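Participant: For reference, this is data.pdb, and it has PDB, C-alpha atoms.
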ATOM      1  CA  MET A  30       0.000   0.000   0.000
ATOM      2  CA  THR A  31       1.316   3.413  -0.928
ATOM      3  CA  ASP A  32       1.292   6.308   1.530
ATOM      4  CA  ILE A  33       0.030   9.155  -0.660
ATOM      5  CA  SER A  34      -2.339   9.234  -3.633
ATOM      6  CA  ILE A  35      -1.897  12.349  -5.777
ATOM      7  CA  VAL A  36      -5.041  13.057  -7.796
ATOM      8  CA  VAL A  37      -4.648  15.219 -10.913
ATOM      9  CA  PRO A  38      -7.777  16.268 -12.870
ATOM     10  CA  ILE A  39      -6.747  17.099 -16.443
ATOM     11  CA  TYR A  40      -8.429  18.913 -19.311
ATOM     12  CA  ASN A  41      -6.607  20.221 -22.411
ATOM     13  CA  SER A  42      -3.372  20.738 -20.512
ATOM     14  CA  GLU A  43      -0.797  20.020 -23.219
ATOM     15  CA  LYS A  44       1.143  23.216 -22.376
ATOM     16  CA  TYR A  45       1.531  22.451 -18.669
ATOM     17  CA  ILE A  46       1.016  18.749 -17.960
ATOM     18  CA  LYS A  47       4.637  17.699 -18.429
ATOM     19  CA  LYS A  48       5.905  20.078 -15.749
ATOM     20  CA  CYS A  49       3.147  18.891 -13.447
ATOM     21  CA  ILE A  50       3.849  15.171 -13.920
ATOM     22  CA  ASP A  51       7.623  15.666 -13.712
ATOM     23  CA  SER A  52       7.161  17.284 -10.300
ATOM     24  CA  LEU A  53       5.252  14.190  -9.144
ATOM     25  CA  ILE A  54       7.402  11.367 -10.468
ATOM     26  CA  ASN A  55      10.547  13.103  -9.208
ATOM     27  CA  GLN A  56       9.394  13.438  -5.618
ATOM     28  CA  THR A  57      12.126  12.560  -3.153
ATOM     29  CA  TYR A  58       9.537  10.429  -1.349
ATOM     30  CA  LYS A  59       8.828   7.511  -3.676
ATOM     31  CA  ASN A  60       5.965   5.595  -2.034
ATOM     32  CA  VAL A  61       3.185   7.430  -3.882
ATOM     33  CA  GLU A  62       0.604   6.656  -6.528
ATOM     34  CA  ILE A  63      -0.164   9.245  -9.198
ATOM     35  CA  ILE A  64      -3.760   9.216 -10.408
ATOM     36  CA  LEU A  65      -4.168  11.110 -13.679
ATOM     37  CA  VAL A  66      -7.803  11.673 -14.674
ATOM     38  CA  ASN A  67      -8.199  12.928 -18.248
ATOM     39  CA  ASP A  68     -11.527  14.742 -18.430
ATOM     40  CA  GLY A  69     -12.095  14.323 -22.186
ATOM     41  CA  SER A  70      -9.162  16.395 -23.450
ATOM     42  CA  ASN A  71      -9.107  16.973 -27.217
ATOM     43  CA  ASP A  72      -5.541  18.277 -27.544
ATOM     44  CA  ASN A  73      -2.204  16.451 -27.179
ATOM     45  CA  THR A  74      -2.579  15.880 -23.437
ATOM     46  CA  GLU A  75      -3.074  12.123 -23.718
ATOM     47  CA  LYS A  76      -0.110  11.697 -26.053
ATOM     48  CA  ILE A  77       2.158  13.439 -23.538
ATOM     49  CA  ILE A  78       0.840  11.363 -20.626
ATOM     50  CA  LYS A  79       1.391   8.082 -22.456
ATOM     51  CA  GLU A  80       5.063   8.907 -22.939
ATOM     52  CA  TYR A  81       5.552   8.278 -19.215
ATOM     53  CA  LYS A  82       6.340   4.689 -18.219
ATOM     54  CA  ASP A  83       6.428   5.174 -14.449
ATOM     55  CA  LYS A  84       4.559   2.282 -12.822
ATOM     56  CA  ARG A  85       3.239   4.567 -10.103
ATOM     57  CA  ILE A  86       1.091   6.383 -12.652
ATOM     58  CA  LYS A  87      -2.533   5.252 -12.942
ATOM     59  CA  TYR A  88      -4.086   6.837 -16.009
ATOM     60  CA  PHE A  89      -7.834   7.121 -16.647
ATOM     61  CA  LYS A  90      -9.653   8.760 -19.536
ATOM     62  CA  ASN A  91     -13.296   9.795 -19.183
ATOM     63  CA  LYS A  92     -15.792  11.833 -21.131
ATOM     64  CA  ASN A  93     -15.878  15.500 -20.193
ATOM     65  CA  HIS A  94     -17.698  15.848 -16.858
ATOM     66  CA  GLY A  95     -15.828  18.677 -15.175
ATOM     67  CA  ILE A  96     -13.185  19.034 -12.482
ATOM     68  CA  GLY A  97     -15.473  18.055  -9.595
ATOM     69  CA  TYR A  98     -16.324  14.731 -11.211
ATOM     70  CA  SER A  99     -12.653  14.074 -12.029
ATOM     71  CA  ARG A 100     -11.527  14.684  -8.465
ATOM     72  CA  ASN A 101     -14.301  12.464  -7.093
ATOM     73  CA  PHE A 102     -13.309   9.792  -9.591
ATOM     74  CA  GLY A 103      -9.727  10.091  -8.367
ATOM     75  CA  ILE A 104     -10.804   9.670  -4.747
ATOM     76  CA  LYS A 105     -12.595   6.435  -5.694
ATOM     77  CA  LYS A 106      -9.493   5.096  -7.416
ATOM     78  CA  ALA A 107      -7.091   6.100  -4.639
ATOM     79  CA  THR A 108      -5.725   3.337  -2.416
ATOM     80  CA  SER A 109      -3.283   5.227  -0.178
ATOM     81  CA  LYS A 110      -3.682   6.353   3.410
ATOM     82  CA  TYR A 111      -3.548  10.017   2.373
ATOM     83  CA  ILE A 112      -4.797  12.013  -0.616
ATOM     84  CA  MET A 113      -3.450  15.167  -2.227
ATOM     85  CA  PHE A 114      -4.875  17.131  -5.151
ATOM     86  CA  VAL A 115      -2.740  18.825  -7.790
ATOM     87  CA  ASP A 116      -4.190  20.792 -10.709
ATOM     88  CA  SER A 117      -2.698  19.948 -14.087
ATOM     89  CA  ASP A 118      -1.191  23.393 -14.681
ATOM     90  CA  ASP A 119       0.381  23.517 -11.209
ATOM     91  CA  TYR A 120       3.272  21.589  -9.682
ATOM     92  CA  LEU A 121       4.736  20.460  -6.373
ATOM     93  CA  GLU A 122       8.109  21.178  -4.843
ATOM     94  CA  LEU A 123      10.182  18.008  -5.162
ATOM     95  CA  ASP A 124      10.380  17.442  -1.417
ATOM     96  CA  ALA A 125       6.646  18.035  -0.836
ATOM     97  CA  CYS A 126       5.689  14.437  -0.118
ATOM     98  CA  SER A 127       8.724  13.884   2.098
ATOM     99  CA  LYS A 128       7.806  16.869   4.253
ATOM    100  CA  VAL A 129       4.155  15.804   4.312
ATOM    101  CA  MET A 130       5.044  12.377   5.670
ATOM    102  CA  GLU A 131       7.340  13.914   8.279
ATOM    103  CA  ASN A 132       4.569  16.175   9.594
ATOM    104  CA  ILE A 133       1.174  14.504   9.001
ATOM    105  CA  LYS A 134       1.423  12.244  12.107
ATOM    106  CA  ASP A 135      -2.092  11.396  13.407
ATOM    107  CA  ASN A 136      -3.856  14.381  11.822
ATOM    108  CA  ASP A 137      -6.808  14.115   9.445
ATOM    109  CA  ILE A 138      -5.760  17.199   7.478
ATOM    110  CA  LEU A 139      -2.387  18.858   7.027
ATOM    111  CA  VAL A 140      -2.286  22.410   5.624
ATOM    112  CA  PHE A 141       0.776  24.121   4.128
ATOM    113  CA  ASN A 142       1.733  27.348   2.331
ATOM    114  CA  PHE A 143       1.928  27.855  -1.418
ATOM    115  CA  ASN A 144       3.504  29.997  -4.107
ATOM    116  CA  LYS A 145       1.178  32.011  -6.335
ATOM    117  CA  ILE A 146       2.754  32.432  -9.767
ATOM    118  CA  ILE A 147       1.518  35.001 -12.305
ATOM    119  CA  ASN A 148       3.628  35.704 -15.402
ATOM    120  CA  LYS A 149       6.648  34.126 -13.699
ATOM    121  CA  SER A 150       6.250  36.496 -10.746
ATOM    122  CA  ILE A 151       6.122  34.544  -7.482
ATOM    123  CA  GLU A 152       4.108  35.640  -4.467
ATOM    124  CA  LYS A 153       4.499  33.573  -1.320
ATOM    125  CA  ILE A 154       1.110  32.943   0.298
ATOM    126  CA  LYS A 155       1.440  32.091   3.970
ATOM    127  CA  ILE A 156      -1.475  30.503   5.812
ATOM    128  CA  ASN A 157      -2.142  31.957   9.259
ATOM    129  CA  GLU A 158      -0.287  29.707  11.677
ATOM    130  CA  PHE A 159      -2.320  27.584  14.066
ATOM    131  CA  LYS A 160      -1.767  24.747  16.499
ATOM    132  CA  ALA A 161      -3.276  21.328  15.840
ATOM    133  CA  SER A 162      -6.973  21.563  16.610
ATOM    134  CA  SER A 163     -10.468  20.988  15.197
ATOM    135  CA  LEU A 164     -13.068  23.359  13.763
ATOM    136  CA  LYS A 165     -15.169  22.956  16.879
ATOM    137  CA  GLU A 166     -12.236  24.040  19.044
ATOM    138  CA  ASN A 167     -11.281  26.847  16.678
ATOM    139  CA  PRO A 168     -14.127  27.907  14.308
ATOM    140  CA  ASN A 169     -11.955  30.632  12.769
ATOM    141  CA  LEU A 170      -9.907  27.964  11.014
ATOM    142  CA  LEU A 171     -12.598  28.127   8.338
ATOM    143  CA  LEU A 172     -11.572  31.746   7.742
ATOM    144  CA  ASP A 173      -7.836  31.352   8.269
ATOM    145  CA  ILE A 174      -7.408  28.381   5.939
ATOM    146  CA  ASN A 175      -7.967  28.996   2.233
ATOM    147  CA  LEU A 176     -10.777  26.995   0.613
ATOM    148  CA  SER A 177      -8.703  25.493  -2.195
ATOM    149  CA  PRO A 178      -8.097  21.724  -1.944
ATOM    150  CA  TRP A 179      -4.547  21.574  -3.243
ATOM    151  CA  ASN A 180      -2.361  22.928  -0.407
ATOM    152  CA  LYS A 181      -3.653  20.245   1.913
ATOM    153  CA  VAL A 182      -3.331  16.536   2.593
ATOM    154  CA  TYR A 183      -6.392  14.537   3.654
ATOM    155  CA  LYS A 184      -6.711  11.197   5.401
ATOM    156  CA  ARG A 185      -8.556   9.109   2.816
ATOM    157  CA  ASP A 186     -10.620   7.169   5.372
ATOM    158  CA  MET A 187     -11.956  10.466   6.743
ATOM    159  CA  LEU A 188     -13.209  11.475   3.303
ATOM    160  CA  ILE A 189     -14.721   8.062   2.542
ATOM    161  CA  LYS A 190     -16.335   7.576   5.963
ATOM    162  CA  ASN A 191     -18.068  10.966   5.771
ATOM    163  CA  ASN A 192     -18.884  10.723   2.057
ATOM    164  CA  ILE A 193     -17.180  14.046   1.372
ATOM    165  CA  LYS A 194     -17.228  14.856  -2.325
ATOM    166  CA  PHE A 195     -16.703  17.757  -4.679
ATOM    167  CA  GLU A 196     -19.720  19.435  -6.262
ATOM    168  CA  GLU A 197     -20.072  18.123  -9.803
ATOM    169  CA  GLN A 198     -22.652  20.515 -11.272
ATOM    170  CA  LEU A 199     -21.299  23.791  -9.890
ATOM    171  CA  LYS A 200     -18.220  25.909 -10.382
ATOM    172  CA  TYR A 201     -16.274  26.812  -7.199
ATOM    173  CA  GLU A 202     -16.631  23.176  -6.143
ATOM    174  CA  ASP A 203     -13.599  23.547  -3.893
ATOM    175  CA  ALA A 204     -15.303  25.599  -1.176
ATOM    176  CA  THR A 205     -17.847  23.019  -0.053
ATOM    177  CA  PHE A 206     -15.347  20.149  -0.176
ATOM    178  CA  VAL A 207     -12.775  21.937   1.975
ATOM    179  CA  SER A 208     -15.418  23.324   4.382
ATOM    180  CA  TYR A 209     -16.976  19.909   4.972
ATOM    181  CA  SER A 210     -13.552  18.266   5.299
ATOM    182  CA  LEU A 211     -12.426  20.775   7.914
ATOM    183  CA  ASP A 212     -15.647  20.188   9.838
ATOM    184  CA  ARG A 213     -15.298  16.405   9.826
ATOM    185  CA  ALA A 214     -11.596  16.338  10.655
ATOM    186  CA  SER A 215     -10.883  15.430  14.268
ATOM    187  CA  LYS A 216      -7.475  17.036  14.079
ATOM    188  CA  ILE A 217      -6.134  19.641  11.641
ATOM    189  CA  THR A 218      -2.526  20.811  11.679
ATOM    190  CA  TYR A 219      -0.289  23.285   9.869
ATOM    191  CA  MET A 220       3.175  23.025   8.379
ATOM    192  CA  ASP A 221       5.133  26.219   7.666
ATOM    193  CA  GLU A 222       6.478  25.088   4.292
ATOM    194  CA  TYR A 223       5.849  26.336   0.740
ATOM    195  CA  LEU A 224       5.200  23.081  -1.101
ATOM    196  CA  TYR A 225       2.620  23.880  -3.798
ATOM    197  CA  ASN A 226       3.014  26.090  -6.860
ATOM    198  CA  TYR A 227      -0.289  27.615  -7.967
ATOM    199  CA  VAL A 228       0.079  28.971 -11.503
ATOM    200  CA  ILE A 229      -2.443  31.494 -12.822
ATOM    201  CA  HIS A 230      -2.748  31.898 -16.587
ATOM    202  CA  SER A 231      -4.631  34.629 -18.430
ATOM    203  CA  LYS A 232      -8.062  33.536 -19.680
ATOM    204  CA  SER A 233      -8.084  30.571 -17.302
ATOM    205  CA  GLU A 234     -11.055  29.409 -15.206
ATOM    206  CA  THR A 235      -9.455  31.246 -12.321
ATOM    207  CA  THR A 236      -9.360  34.651 -13.977
ATOM    208  CA  ILE A 237     -12.553  34.668 -16.050
ATOM    209  CA  ARG A 238     -15.896  35.833 -14.658
ATOM    210  CA  ASP A 239     -18.959  34.841 -16.673
ATOM    211  CA  GLU A 240     -22.443  33.339 -16.177
ATOM    212  CA  LYS A 241     -20.985  30.653 -13.925
ATOM    213  CA  VAL A 242     -20.298  33.276 -11.281
ATOM    214  CA  PHE A 243     -23.874  32.780 -10.036
ATOM    215  CA  ASP A 244     -22.747  29.346  -8.819
ATOM    216  CA  ILE A 245     -20.823  30.999  -5.994
ATOM    217  CA  ILE A 246     -24.119  32.049  -4.384
ATOM    218  CA  LYS A 247     -25.343  28.451  -4.569
ATOM    219  CA  VAL A 248     -22.077  27.221  -3.067
ATOM    220  CA  VAL A 249     -22.239  29.798  -0.257
ATOM    221  CA  ASP A 250     -25.798  28.701   0.483
ATOM    222  CA  LYS A 251     -24.774  25.044   0.683
ATOM    223  CA  ILE A 252     -22.132  25.963   3.260
ATOM    224  CA  ARG A 253     -24.626  28.083   5.227
ATOM    225  CA  VAL A 254     -27.194  25.265   5.330
ATOM    226  CA  TYR A 255     -24.556  22.684   6.254
ATOM    227  CA  PHE A 256     -23.480  24.666   9.321
ATOM    228  CA  GLU A 257     -26.803  26.253  10.316
ATOM    229  CA  ASN A 258     -27.413  23.941  13.310
ATOM    230  CA  LYS A 259     -23.918  24.406  14.702
ATOM    231  CA  ASP A 260     -24.314  27.512  16.853
ATOM    232  CA  TYR A 261     -20.601  27.804  17.575
ATOM    233  CA  MET A 262     -20.067  28.439  13.849
ATOM    234  CA  ASN A 263     -22.654  31.226  13.383
ATOM    235  CA  GLU A 264     -20.317  34.211  13.557
ATOM    236  CA  THR A 265     -17.690  32.481  11.438
ATOM    237  CA  ILE A 266     -20.165  31.474   8.726
ATOM    238  CA  ASN A 267     -21.650  34.964   8.534
ATOM    239  CA  LYS A 268     -18.193  36.434   8.138
ATOM    240  CA  LEU A 269     -17.334  33.846   5.475
ATOM    241  CA  ILE A 270     -20.517  34.637   3.531
ATOM    242  CA  VAL A 271     -19.829  38.372   3.633
ATOM    243  CA  ARG A 272     -16.201  37.892   2.642
ATOM    244  CA  ILE A 273     -16.935  35.631  -0.320
ATOM    245  CA  LEU A 274     -19.878  37.577  -1.750
ATOM    246  CA  THR A 275     -18.197  40.947  -1.252
ATOM    247  CA  ASN A 276     -15.127  39.652  -3.055
ATOM    248  CA  TYR A 277     -17.188  38.436  -5.988
ATOM    249  CA  THR A 278     -19.372  41.543  -6.306
ATOM    250  CA  ILE A 279     -16.233  43.644  -6.719
ATOM    251  CA  GLN A 280     -14.851  41.131  -9.241
ATOM    252  CA  GLN A 281     -17.746  41.855 -11.581
ATOM    253  CA  ARG A 282     -15.564  44.600 -13.019
ATOM    254  CA  VAL A 283     -14.000  41.846 -15.142
ATOM    255  CA  ASN A 284     -17.165  39.908 -16.001
ATOM    256  CA  VAL A 285     -17.241  39.302 -19.756
ATOM    257  CA  ASN A 286     -20.926  40.293 -19.737
ATOM    258  CA  SER A 287     -21.703  43.568 -17.974
ATOM    259  CA  LYS A 288     -25.432  42.841 -17.617
ATOM    260  CA  SER A 289     -24.634  39.508 -16.022
ATOM    261  CA  GLY A 290     -22.217  41.240 -13.659
ATOM    262  CA  TYR A 291     -24.794  43.799 -12.501
ATOM    263  CA  LYS A 292     -27.387  41.036 -12.073
ATOM    264  CA  PHE A 293     -24.935  39.119  -9.895
ATOM    265  CA  ILE A 294     -24.399  42.183  -7.713
ATOM    266  CA  ASP A 295     -28.183  42.452  -7.253
ATOM    267  CA  ASP A 296     -28.481  38.771  -6.345
ATOM    268  CA  ALA A 297     -25.510  38.853  -3.968
ATOM    269  CA  PHE A 298     -26.867  41.840  -2.034
ATOM    270  CA  ASP A 299     -30.319  40.239  -1.945
ATOM    271  CA  TYR A 300     -28.725  37.151  -0.407
ATOM    272  CA  LEU A 301     -26.867  39.208   2.182
ATOM    273  CA  ASN A 302     -30.014  41.116   3.122
ATOM    274  CA  LYS A 303     -31.917  37.868   3.556
ATOM    275  CA  PHE A 304     -29.419  35.704   5.436
ATOM    276  CA  VAL A 305     -26.986  38.193   7.007
ATOM    277  CA  PRO A 306     -29.271  41.217   7.502
ATOM    278  CA  ASP A 307     -26.734  43.065   9.660
ATOM    279  CA  TYR A 308     -23.931  42.424   7.162
ATOM    280  CA  LYS A 309     -22.877  46.090   7.127
ATOM    281  CA  ASN A 310     -21.682  45.641  10.712
ATOM    282  CA  ASN A 311     -19.824  42.426   9.977
ATOM    283  CA  LYS A 312     -16.293  42.178  11.333
ATOM    284  CA  TYR A 313     -15.002  41.338   7.861
ATOM    285  CA  TYR A 314     -15.119  45.007   6.934
ATOM    286  CA  GLU A 315     -12.921  46.016   9.873
ATOM    287  CA  GLY A 316      -9.884  44.955   7.906
ATOM    288  CA  ARG A 317     -10.837  47.025   4.871
ATOM    289  CA  GLY A 318      -9.909  50.649   4.214
ATOM    290  CA  ILE A 319     -12.583  53.310   4.777
ATOM    291  CA  LEU A 320     -13.195  53.989   1.072
ATOM    292  CA  ARG A 321     -13.098  50.308   0.159
ATOM    293  CA  ARG A 322     -15.559  49.190   2.811
ATOM    294  CA  THR A 323     -17.874  52.119   2.046
ATOM    295  CA  ILE A 324     -18.100  50.922  -1.563
ATOM    296  CA  GLU A 325     -18.322  47.220  -0.673
ATOM    297  CA  LYS A 326     -21.230  47.674   1.745
ATOM    298  CA  ASN A 327     -23.359  49.582  -0.754
ATOM    299  CA  LYS A 328     -24.919  48.010  -3.846
ATOM    300  CA  THR A 329     -25.208  51.282  -5.765
ATOM    301  CA  LEU A 330     -21.606  52.260  -5.051
ATOM    302  CA  THR A 331     -20.414  48.773  -5.982
ATOM    303  CA  LYS A 332     -22.157  49.043  -9.359
ATOM    304  CA  LEU A 333     -20.719  52.536  -9.868
ATOM    305  CA  TYR A 334     -17.236  51.231  -9.082
ATOM    306  CA  VAL A 335     -17.655  48.343 -11.532
ATOM    307  CA  LYS A 336     -18.999  50.661 -14.245
ATOM    308  CA  THR A 337     -16.160  53.143 -13.746
ATOM    309  CA  TYR A 338     -13.521  50.407 -13.848
ATOM    310  CA  ARG A 339     -14.982  48.941 -17.035
ATOM    311  CA  GLY A 340     -15.114  52.385 -18.651
ATOM    312  CA  LEU A 341     -11.483  53.110 -17.856
ATOM    313  CA  LYS A 342     -10.455  49.642 -19.014
ATOM    314  CA  ASN A 343     -12.252  50.057 -22.343
ATOM    315  CA  ARG A 344     -10.484  53.342 -23.001
ATOM    316  CA  SER A 345      -7.019  51.918 -22.464
TER
END
How does this structure look as structure tokens?

Facilitator:
Amino acid sequence: MTDISIVVPIYNSEKYIKKCIDSLINQTYKNVEIILVNDGSNDNTEKIIKEYKDKRIKYFKNKNHGIGYSRNFGIKKATSKYIMFVDSDDYLELDACSKVMENIKDNDILVFNFNKIINKSIEKIKINEFKASSLKENPNLLLDINLSPWNKVYKRDMLIKNNIKFEEQLKYEDATFVSYSLDRASKITYMDEYLYNYVIHSKSETTIRDEKVFDIIKVVDKIRVYFENKDYMNETINKLIVRILTNYTIQQRVNVNSKSGYKFIDDAFDYLNKFVPDYKNNKYYEGRGILRRTIEKNKTLTKLYVKTYRGLKNRS
């Protein structure tokens, strides 16, 4: 039995997949299995993958179902004690698995730092340090730990036992998976190491805002409903809702469809008014500048900001 299963969902990644796979097969820790899930790619991705002869690679090709389906498929195929997720355009530091195995111990989830790479510029993203604990002991972990799945290691039995899966019909499928995993983990710990390289490309799913942005409201609502009977999480969940929706209303400045962007702003503020009626007094805004929080709390000012930004962008 291998110690770590590394699940890689792949779609049309011919430009990046080699660097990703090379970072996995060249890990200094060798007792891993590499699960490559091709989500119906129609470029040269498969040809590149098949050039690898490493016996630790388990390759699967499916019809196009989306990243949530591919990750869930990878979880089903995994046989190791622990699971990691790596996106096909990202890559691991070569000693990542070694350091994971040195630090995971008896924890259900291990969290580490990552490098954010844009146009070869590297920004080190450090997770707020915390001592080993659970979400019940420290609800703010849900705010302090980012909601992406890839800078974490999960005990596979914990995921299987609690039937924790990625959303398959919604974008932003990461948020529910990580939230539920943190809730079900008996013990979560942190390692102050930068082991994951998160690469952002122009015109990627990460940078584009379109009609799918409405999915974030559905995802936020799933998280709210999941935690609604856990009173100790109330303040944390309200702050998370405000933080996420505020972030996405402002991001409508780059929505490819302006009407869609303004409609999202309406829907997001409607949601806040309904489920976090005192959102303007939320502690999230305390960390924002006066001008910024004044705009972010007000629907009309948010729309004006988005319109102004788009106008300036179109002129340049």

Participant: Translate the PyMOL selection byres ((chain A and resi 100) around 10), as applied to the file shown, into an explicit residue set as a PyMOL selection string.

Facilitator: chain A and resi 36-39+64-66+68+95-99+101-106+114-116+194-197

Participant: If you measure from CA of Lys153 (chain A) to CA of Asp239 (chain A), what distance in Å do you get, rounded to one decimal?

Facilitator: 28.1 Å

Participant: Pick the closest to Thr218 (chain A) from A:Val129, A:Leu269, A:Ile245, A:Ile189: which is it, counting all atoms listed in the file?

Facilitator: A:Val129

Participant: Nearest to Ile147 (chain A) among A:Val283, A:Ile229, A:Val249, A:Ile319, with distances taken over only C-alpha atoms: which residue is it?

Facilitator: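 Going through A:Val283, A:Ile229, A:Val249, A:Ile319 one by one, the smallest distance to Ile147 (chain A) is for A:Ile229.
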
Participant: Go ahead and compute the interatomic distance for CA of Ser287 (chain A) and CA of Asn267 (chain A), in Å to one decimal.

Facilitator: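 Interatomic distance here is 27.9 Å.
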
Participant: For region 55-63 of chain A, find every residue with an atom within 8 Å (counting only C-alpha atoms), except residues of its own chain fewer than 2 positions away, and show them as a list of chain:residue names.

Facilitator: A:Thr31, A:Asp32, A:Ile33, A:Ser34, A:Ile35, A:Val36, A:Val37, A:Asp51, A:Ser52, A:Leu53, A:Leu65, A:Arg85, A:Ile86, A:Lys87, A:Ala107, A:Ser109, A:Glu122, A:Leu123, A:Asp124, A:Ala125, A:Cys126, A:Ser127

Participant: Can you build me a table of region 195-268 of chain A residues sitting at most 9 Å from region 154-170 of chain A, with the closest atom pair per residue and its distance in Å to one decimal, using all atoms listed in the file, sorted by chain and residue number, as JSON lines?

Facilitator:
{"residue": "A:Leu211", "atom": "CA", "partner": "A:Leu164", "partner_atom": "CA", "distance": 6.4}
{"residue": "A:Asp212", "atom": "CA", "partner": "A:Leu164", "partner_atom": "CA", "distance": 5.7}
{"residue": "A:Arg213", "atom": "CA", "partner": "A:Leu164", "partner_atom": "CA", "distance": 8.3}
{"residue": "A:Ala214", "atom": "CA", "partner": "A:Ser163", "partner_atom": "CA", "distance": 6.6}
{"residue": "A:Ser215", "atom": "CA", "partner": "A:Ser163", "partner_atom": "CA", "distance": 5.7}
{"residue": "A:Lys216", "atom": "CA", "partner": "A:Ser163", "partner_atom": "CA", "distance": 5.1}
{"residue": "A:Ile217", "atom": "CA", "partner": "A:Ala161", "partner_atom": "CA", "distance": 5.4}
{"residue": "A:Thr218", "atom": "CA", "partner": "A:Ala161", "partner_atom": "CA", "distance": 4.3}
{"residue": "A:Tyr219", "atom": "CA", "partner": "A:Phe159", "partner_atom": "CA", "distance": 6.3}
{"residue": "A:Met220", "atom": "CA", "partner": "A:Glu158", "partner_atom": "CA", "distance": 8.2}
{"residue": "A:Asp221", "atom": "CA", "partner": "A:Glu158", "partner_atom": "CA", "distance": 7.6}
{"residue": "A:Glu222", "atom": "CA", "partner": "A:Lys155", "partner_atom": "CA", "distance": 8.6}
{"residue": "A:Tyr223", "atom": "CA", "partner": "A:Lys155", "partner_atom": "CA", "distance": 7.9}
{"residue": "A:Tyr261", "atom": "CA", "partner": "A:Pro168", "partner_atom": "CA", "distance": 7.3}
{"residue": "A:Met262", "atom": "CA", "partner": "A:Pro168", "partner_atom": "CA", "distance": 6.0}
{"residue": "A:Glu264", "atom": "CA", "partner": "A:Pro168", "partner_atom": "CA", "distance": 8.9}
{"residue": "A:Thr265", "atom": "CA", "partner": "A:Asn169", "partner_atom": "CA", "distance": 6.2}
{"residue": "A:Ile266", "atom": "CA", "partner": "A:Pro168", "partner_atom": "CA", "distance": 9.0}

Participant: For each of A:Asn192, A:Asn286, A:Thr108, A:Asn276, take the minimum atom-to-atom distance to Arg317 (chain A), counting all atoms listed in the file, then give the residue where this is smallest.

Facilitator: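 Among the listed residues, the smallest separation from Arg317 (chain A) belongs to A:Asn276.
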
Participant: For the atom pair CA of Glu315 (chain A) and CA of Asp299 (chain A), what is the interatomic distance in Å to one decimal place?

Facilitator: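 Computing it gives 21.8 Å between the two atoms.
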
Participant: For region 176-184 of chain A, find every residue with an atom within 6 Å (counting all atoms listed in the file), except residues of its own chain fewer than 3 positions away, and show them as a ChimeraX atom specification.

Facilitator: /A:111-115,137-141,187,203-204,207

Participant: With 3 Å added on each side, what axis-aligned box encloses every listed atom of region 84-95 of chain A? Give the centre and edge lengths in Å to one decimal, as JSON.

Facilitator:
{"center_x": -6.6, "center_y": 10.5, "center_z": -15.6, "size_x": 28.3, "size_y": 22.4, "size_z": 17.0}
